[in-house]
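One file, coords_35.cif, is given below (mmCIF, C-alpha atoms and all ligand atoms).
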```cif
data_query
#
loop_
_atom_site.label_atom_id
_atom_site.label_comp_id
_atom_site.auth_asym_id
_atom_site.auth_seq_id
_atom_site.Cartn_x
_atom_site.Cartn_y
_atom_site.Cartn_z
CA MET A 1 90.84 231.64 -31.36
CA ILE A 2 91.41 232.88 -27.80
CA LEU A 3 95.21 233.07 -27.98
CA GLU A 4 97.61 232.93 -30.87
CA MET A 5 101.37 233.16 -30.43
CA ASN A 6 103.28 232.89 -33.67
CA ASN A 7 107.05 232.53 -34.17
CA ILE A 8 107.90 233.91 -30.75
CA LYS A 9 111.57 234.61 -30.15
CA LYS A 10 112.90 235.69 -26.78
CA SER A 11 116.41 236.00 -25.49
CA PHE A 12 117.94 237.39 -22.35
CA ILE A 13 121.10 239.44 -22.37
CA LYS A 14 123.64 237.77 -20.14
CA LYS A 15 126.39 239.93 -18.69
CA SER A 16 129.75 239.02 -20.23
CA LEU A 17 128.19 236.16 -22.17
CA GLU A 18 126.46 235.94 -25.51
CA ASN A 19 122.67 236.33 -25.53
CA LEU A 20 120.77 233.41 -24.14
CA THR A 21 117.93 232.47 -26.47
CA VAL A 22 115.18 231.03 -24.31
CA LEU A 23 112.39 230.77 -26.90
CA HIS A 24 113.27 229.80 -30.47
CA ASP A 25 110.42 230.39 -32.85
CA ILE A 26 107.65 229.08 -30.57
CA SER A 27 104.05 229.00 -31.82
CA LEU A 28 101.05 228.21 -29.64
CA GLN A 29 97.36 228.50 -30.52
CA VAL A 30 94.61 227.97 -28.00
CA ASP A 31 90.95 227.64 -28.97
CA ALA A 32 87.99 228.38 -26.71
CA GLY A 33 87.39 225.53 -24.26
CA GLU A 34 90.78 223.90 -24.82
CA VAL A 35 93.08 222.79 -22.03
CA VAL A 36 96.72 222.78 -23.09
CA SER A 37 99.40 221.37 -20.78
CA ILE A 38 103.03 222.34 -21.14
CA ILE A 39 105.59 219.90 -19.79
CA GLY A 40 109.36 219.85 -19.94
CA PRO A 41 112.52 219.99 -17.86
CA SER A 42 113.52 222.92 -15.69
CA GLY A 43 114.97 225.76 -17.75
CA SER A 44 113.24 224.75 -20.99
CA GLY A 45 111.42 228.10 -21.27
CA LYS A 46 107.94 227.18 -19.98
CA SER A 47 107.64 230.08 -17.55
CA THR A 48 109.15 232.50 -20.04
CA LEU A 49 106.52 231.45 -22.59
CA LEU A 50 103.72 232.17 -20.07
CA ARG A 51 105.40 235.42 -19.04
CA CYS A 52 105.53 236.50 -22.71
CA ALA A 53 101.88 235.50 -23.21
CA THR A 54 100.90 237.63 -20.20
CA PHE A 55 103.16 240.60 -21.11
CA LEU A 56 105.38 240.21 -18.04
CA GLU A 57 108.22 239.81 -20.53
CA GLN A 58 108.54 241.47 -23.92
CA ILE A 59 109.11 239.22 -26.91
CA ASP A 60 111.97 240.04 -29.31
CA SER A 61 109.90 239.16 -32.37
CA GLY A 62 106.79 237.26 -33.36
CA GLU A 63 103.10 237.84 -33.01
CA ILE A 64 100.68 237.68 -30.08
CA LYS A 65 96.93 237.85 -30.63
CA TYR A 66 94.07 237.62 -28.18
CA MET A 67 90.50 237.18 -29.41
CA ASN A 68 91.77 237.63 -32.98
CA GLN A 69 93.19 241.07 -32.21
CA THR A 70 96.89 241.84 -32.47
CA ALA A 71 98.66 242.72 -29.23
CA ALA A 72 102.19 242.43 -30.58
CA GLU A 73 103.69 241.91 -34.00
CA THR A 74 107.05 242.11 -35.69
CA GLY A 75 107.73 245.58 -37.07
CA ALA A 76 109.61 246.57 -40.22
CA ASP A 77 112.94 246.48 -38.34
CA GLY A 78 112.32 242.88 -37.25
CA LYS A 79 111.59 243.84 -33.64
CA ALA A 80 108.32 243.31 -31.81
CA VAL A 81 105.92 246.25 -31.59
CA TYR A 82 103.19 246.24 -28.95
CA ALA A 83 99.76 247.85 -29.17
CA GLU A 84 99.25 251.21 -27.45
CA HIS A 85 98.53 251.49 -23.75
CA ALA A 86 94.71 251.51 -23.86
CA SER A 87 94.62 248.41 -26.04
CA MET A 88 97.14 246.65 -23.81
CA ARG A 89 94.82 247.23 -20.84
CA LYS A 90 92.05 245.53 -22.77
CA PHE A 91 94.36 242.62 -23.73
CA LYS A 92 95.36 242.18 -20.09
CA SER A 93 91.69 241.84 -19.15
CA TYR A 94 91.43 238.70 -21.32
CA PHE A 95 93.62 236.48 -19.14
CA GLY A 96 94.25 235.44 -15.56
CA LEU A 97 97.48 234.04 -14.19
CA VAL A 98 98.05 231.67 -11.27
CA PHE A 99 101.64 231.23 -10.09
CA GLN A 100 103.41 228.57 -8.11
CA GLN A 101 103.58 231.00 -5.18
CA PHE A 102 100.07 232.10 -4.42
CA ASN A 103 100.86 235.84 -4.18
CA LEU A 104 97.82 236.72 -2.08
CA PHE A 105 97.68 240.03 -0.22
CA PRO A 106 98.62 238.92 3.32
CA HIS A 107 96.79 241.80 5.04
CA TYR A 108 93.50 241.24 3.17
CA SER A 109 90.90 238.65 4.10
CA VAL A 110 90.18 235.84 1.66
CA LEU A 111 87.03 237.60 0.47
CA LYS A 112 88.83 240.92 0.03
CA ASN A 113 91.60 239.22 -1.94
CA VAL A 114 88.98 237.94 -4.39
CA MET A 115 86.97 241.19 -4.52
CA ASP A 116 89.81 243.67 -4.74
CA ALA A 117 90.60 243.80 -8.46
CA PRO A 118 86.99 243.63 -9.74
CA VAL A 119 86.08 246.54 -7.45
CA ARG A 120 89.24 248.63 -7.66
CA VAL A 121 90.44 247.94 -11.20
CA GLN A 122 87.26 247.01 -13.05
CA LYS A 123 85.15 249.47 -10.99
CA ARG A 124 82.30 247.01 -10.78
CA PRO A 125 79.53 247.41 -8.17
CA ARG A 126 80.71 246.10 -4.80
CA GLU A 127 77.56 244.15 -3.89
CA GLN A 128 77.49 242.27 -7.18
CA VAL A 129 81.21 241.54 -6.90
CA ARG A 130 80.72 240.27 -3.34
CA GLU A 131 77.99 237.87 -4.45
CA GLU A 132 80.11 236.54 -7.29
CA ALA A 133 83.16 236.26 -5.03
CA MET A 134 81.17 234.22 -2.48
CA GLU A 135 79.91 232.00 -5.28
CA LEU A 136 83.50 231.43 -6.46
CA LEU A 137 84.61 230.67 -2.91
CA ARG A 138 81.76 228.14 -2.61
CA LYS A 139 82.97 226.54 -5.80
CA MET A 140 86.49 226.33 -4.34
CA ASP A 141 84.97 224.89 -1.14
CA LEU A 142 86.23 227.90 0.79
CA ASP A 143 83.08 229.86 1.60
CA ALA A 144 83.57 229.06 5.31
CA ARG A 145 87.00 230.74 5.10
CA ALA A 146 85.89 234.05 3.58
CA ASP A 147 86.91 236.07 6.64
CA TYR A 148 90.22 234.29 7.25
CA TYR A 149 93.60 235.77 6.38
CA PRO A 150 95.93 233.90 3.98
CA CYS A 151 98.34 232.93 6.80
CA GLN A 152 95.48 231.04 8.48
CA LEU A 153 95.03 228.78 5.44
CA SER A 154 96.90 225.75 4.13
CA GLY A 155 98.90 226.13 0.93
CA GLY A 156 96.22 224.25 -0.98
CA GLN A 157 93.53 226.59 0.34
CA GLN A 158 95.65 229.65 -0.49
CA GLN A 159 96.13 228.41 -4.03
CA ARG A 160 92.38 227.90 -4.39
CA VAL A 161 91.86 231.49 -3.24
CA ALA A 162 94.36 232.57 -5.91
CA ILE A 163 92.31 230.68 -8.51
CA ALA A 164 89.07 232.29 -7.28
CA ARG A 165 90.77 235.69 -7.45
CA ALA A 166 91.83 235.09 -11.06
CA LEU A 167 88.33 233.88 -12.00
CA ALA A 168 86.70 236.93 -10.38
CA LEU A 169 88.00 239.02 -13.28
CA LYS A 170 86.10 236.78 -15.72
CA PRO A 171 89.08 236.01 -17.96
CA GLU A 172 88.74 234.34 -21.35
CA ILE A 173 91.77 232.20 -20.57
CA LEU A 174 93.63 231.15 -17.43
CA PHE A 175 97.35 230.45 -17.28
CA PHE A 176 98.82 228.29 -14.53
CA ASP A 177 102.56 228.11 -13.90
CA GLU A 178 103.24 224.99 -11.83
CA PRO A 179 100.24 225.64 -9.57
CA THR A 180 100.99 222.70 -7.28
CA SER A 181 104.80 222.69 -7.18
CA ALA A 182 104.90 224.47 -3.82
CA LEU A 183 102.40 222.08 -2.23
CA ASP A 184 102.65 218.84 -0.29
CA PRO A 185 101.27 215.86 -2.20
CA GLU A 186 98.07 215.71 -0.12
CA LEU A 187 97.31 219.36 -0.90
CA THR A 188 98.20 219.00 -4.58
CA GLY A 189 95.14 216.82 -5.16
CA GLU A 190 92.64 219.40 -3.95
CA VAL A 191 94.08 222.05 -6.28
CA LEU A 192 94.19 219.69 -9.27
CA LYS A 193 90.58 218.79 -8.52
CA VAL A 194 89.38 222.39 -8.95
CA ILE A 195 91.40 222.80 -12.16
CA ARG A 196 89.85 219.58 -13.44
CA GLN A 197 86.40 220.92 -12.54
CA LEU A 198 87.14 224.12 -14.48
CA ALA A 199 88.18 221.98 -17.46
CA GLU A 200 84.86 220.16 -17.31
CA GLU A 201 83.14 223.55 -17.40
CA LYS A 202 85.12 224.31 -20.57
CA MET A 203 87.29 227.03 -19.10
CA THR A 204 90.13 227.72 -21.56
CA MET A 205 93.43 227.00 -19.80
CA VAL A 206 97.16 226.65 -20.34
CA VAL A 207 98.82 224.71 -17.53
CA VAL A 208 102.54 224.29 -16.99
CA THR A 209 102.80 221.23 -14.80
CA HIS A 210 104.90 218.29 -13.65
CA GLU A 211 101.76 216.33 -12.70
CA MET A 212 101.82 213.90 -15.61
CA PRO A 213 98.72 211.80 -14.78
CA PHE A 214 96.78 215.05 -14.39
CA ALA A 215 98.07 216.43 -17.71
CA ARG A 216 97.22 213.18 -19.42
CA ALA A 217 93.68 213.04 -18.01
CA VAL A 218 92.65 216.68 -18.27
CA SER A 219 94.34 218.19 -21.36
CA ASN A 220 93.12 218.28 -24.92
CA ARG A 221 96.70 218.84 -26.02
CA VAL A 222 100.14 218.41 -24.50
CA ILE A 223 103.25 220.34 -25.46
CA PHE A 224 106.70 219.07 -24.54
CA MET A 225 109.32 221.83 -24.47
CA ASP A 226 113.05 221.42 -24.22
CA GLY A 227 115.81 223.99 -24.66
CA GLY A 228 113.42 226.67 -25.88
CA TYR A 229 111.87 224.48 -28.57
CA ILE A 230 108.58 222.65 -28.82
CA VAL A 231 109.94 219.15 -29.29
CA GLU A 232 106.63 217.33 -29.43
CA GLU A 233 102.99 218.31 -29.33
CA GLY A 234 99.71 216.49 -29.65
CA ASP A 235 96.93 214.50 -28.12
CA PRO A 236 97.83 213.43 -24.55
CA GLU A 237 97.46 209.75 -25.39
CA MET A 238 99.93 210.24 -28.22
CA VAL A 239 102.51 212.31 -26.28
CA PHE A 240 102.37 210.14 -23.14
CA GLY A 241 101.46 206.81 -24.71
CA ALA A 242 103.49 206.83 -27.92
CA PRO A 243 105.95 209.74 -28.00
CA THR A 244 107.85 209.95 -31.27
CA GLN A 245 110.87 211.97 -30.13
CA GLU A 246 113.75 210.39 -28.22
CA ARG A 247 113.99 213.47 -25.97
CA THR A 248 110.32 213.13 -24.97
CA LYS A 249 110.74 209.44 -24.16
CA GLN A 250 113.79 210.21 -22.06
CA PHE A 251 111.98 212.97 -20.14
CA LEU A 252 108.89 210.86 -19.49
CA ARG A 253 110.96 207.93 -18.23
CA ASN A 254 111.81 210.05 -15.17
CA TYR A 255 108.14 210.05 -14.22
CA GLN A 256 107.38 206.39 -14.73
CA ASN A 257 108.30 205.40 -11.20
CA ALA A 258 106.63 208.44 -9.67
N1 LIG A 301 114.86 237.37 -16.33
C1 LIG A 301 115.75 236.49 -16.81
N2 LIG A 301 117.04 236.88 -17.10
C2 LIG A 301 117.93 236.01 -17.59
N3 LIG A 301 117.69 234.72 -17.83
C3 LIG A 301 116.44 234.25 -17.56
C4 LIG A 301 115.42 235.11 -17.04
N4 LIG A 301 114.29 234.38 -16.88
C5 LIG A 301 114.59 233.13 -17.28
N5 LIG A 301 115.88 233.06 -17.70
C6 LIG A 301 116.55 231.85 -18.23
O1 LIG A 301 115.73 231.35 -19.27
C7 LIG A 301 115.76 229.92 -19.27
C8 LIG A 301 114.36 229.40 -19.22
O2 LIG A 301 113.81 229.70 -17.96
P1 LIG A 301 112.29 229.42 -17.59
O3 LIG A 301 111.41 229.99 -18.63
O4 LIG A 301 112.09 229.87 -16.20
O5 LIG A 301 112.25 227.83 -17.68
P2 LIG A 301 111.23 226.79 -17.03
O6 LIG A 301 110.02 227.54 -16.56
O7 LIG A 301 110.92 225.83 -18.14
O8 LIG A 301 111.96 226.13 -15.91
C9 LIG A 301 116.63 229.51 -18.11
O9 LIG A 301 117.93 229.26 -18.62
C10 LIG A 301 116.64 230.73 -17.23
O10 LIG A 301 117.83 230.80 -16.47
MG MG A 302 109.17 227.66 -14.68
#
```

Spell out the structure here as structure tokens.
Amino acid sequence: MILEMNNIKKSFIKKSLENLTVLHDISLQVDAGEVVSIIGPSGSGKSTLLRCATFLEQIDSGEIKYMNQTAAETGADGKAVYAEHASMRKFKSYFGLVFQQFNLFPHYSVLKNVMDAPVRVQKRPREQVREEAMELLRKMDLDARADYYPCQLSGGQQQRVAIARALALKPEILFFDEPTSALDPELTGEVLKVIRQLAEEKMTMVVVTHEMPFARAVSNRVIFMDGGYIVEEGDPEMVFGAPTQERTKQFLRNYQNA
């Protein structure tokens, strides 16, 4: 198992209001080579789930394991306890994260954006990293743009650089949080195409998306979240073709005319 999240609870403290529970007892397991899509309305907790999986948010309780090793678990007092610093560094090396906003370094060239973390953080030999980075850029159909700056690229090209940058760290699993939501429809396709290509190569991925035909075609499993719960989960043909929950049907109806 690449990732295991068991019984995750997460709430935010709201000033002058009661706590807002955003994740109620969520469990998510991802096997090597699986593509899991997460769909659901705005505010249902999709981003928070990815942010908990990638340690950008701390869970209140539950268990997080990567590669069958425990990164966080519920302690005797019922509160989550995380592994010590050195282990957390190792856990962070297991995943890559691609956001809706591409978050490239604006003052670095495309190539430098891709090479930076492998050289600076992983301390890998520059020449080898450069070769691998160029190979990744070729794969993203961006090798001719290696010396450009992010502002000289389209949004779709920038997002493909962000994907190359995540892949350069050789993660075991890639998380995408609405990777095409900031893009025009004609640029969305080129980004979905590279994610689809990664799926064919058996890259393990968790993708939060509103692109339903893409989720249906590319995922091994689809999770529908609403109000901090997993309402429905299963084979894409089942979730899209024959959803069992009223809430899922209602949500999917909004996409039928799209
Ligand atoms: N840092 C935060 N502080 C307080 N509330 C938050 C924070 N992040 C998210 N929330 C709330 O958690 C809920 C789920 O948000 P989110 O995970 O972003 O949903 P989604 O990605 O499905 O749209 C929302 O009600 C949101 O307002
Ligand atoms: Mg979100």

So which one's closest to Val194 in chain A, A:Met140, A:Val231, A:Ala162, A:Ala215? Using only C-alpha atoms, please. A:Met140

Could you give me, as a PyMOL selection string, every polymer residue with an atom at most 7 Å away from an atom of ligand MG 302 (chain A), counting only C-alpha atoms and all ligand atoms? chain A and resi 42-43+45-47+177

Create the file for the chosen residues now, containing C-alpha atoms and written as a PDB file, keeping the file's coordinate frame.
```
ATOM      1  CA  SER A  42     113.520 222.920 -15.690  1.00  0.00           C
ATOM      2  CA  GLY A  43     114.970 225.760 -17.750  1.00  0.00           C
ATOM      3  CA  GLY A  45     111.420 228.100 -21.270  1.00  0.00           C
ATOM      4  CA  LYS A  46     107.940 227.180 -19.980  1.00  0.00           C
ATOM      5  CA  SER A  47     107.640 230.080 -17.550  1.00  0.00           C
ATOM      6  CA  ASP A 177     102.560 228.110 -13.900  1.00  0.00           C
TER       7      ASP A 177
END
```

Go ahead and find all residues with at least one atom no further than 10 Å from (106.7, 227.7, -32.3) in the file's coordinates, using all atoms listed in the file; report them as a PyMOL selection string. chain A and resi 5-9+23-29+62+228-231

Edge lengths and centre in Å, axis-aligned, ligand LIG 301 (chain A) plus 5 Å each side, as AutoDock Vina command-line options:
```
--center_x 114.0 --center_y 231.6 --center_z -17.6 --size_x 17.9 --size_y 21.5 --size_z 13.4
```

Given 12 Å and all atoms listed in the file, residues near ligand LIG 301 (chain A) as a count of residues only: 51

Smallest atom-to-atom distance to Lys92 in chain A: which of A:Asp60, A:Glu172, A:Glu4, A:Glu211, using all atoms listed in the file?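 Going through A:Asp60, A:Glu172, A:Glu4, A:Glu211 one by one, the smallest distance to Lys92 in chain A is for A:Glu172.
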
Measure the distance from CA of Ile64 in chain A to CA of Phe102 in chain A in Å and round it to one decimal.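 Between CA of Ile64 in chain A and CA of Phe102 in chain A the gap is 26.3 Å.
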
Using only C-alpha atoms, find the one residue out of A:Glu63, A:Glu200, A:Glu232, A:Glu132 that sits nearest to Glu246 in chain A.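 With only C-alpha atoms as the atom set, the closest residue is A:Glu232.
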
Nearest candidate to Gln159 in chain A (options A:Pro118, A:Gly96, A:Pro179, A:Pro185; using only C-alpha atoms):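 Ranked by minimum distance to Gln159 in chain A, first place goes to A:Pro179.
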
Separation of CA of Ala168 in chain A from CA of Lys65 in chain A in Å: 22.7 Å

Close residues, Asn68 in chain A itself excluded, 9 Å, all atoms listed in the file, min 6 positions apart in chain, as a PyMOL selection string: chain A and resi 1-4

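Using only C-alpha atoms, the shortest contact distance between Tyr66 in chain A and any of A:Gly241, A:Pro171, A:Pro213, A:Pro150 is found at A:Pro171.
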
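The space between CA of Val206 in chain A and CA of Phe175 in chain A spans 4.9 Å.
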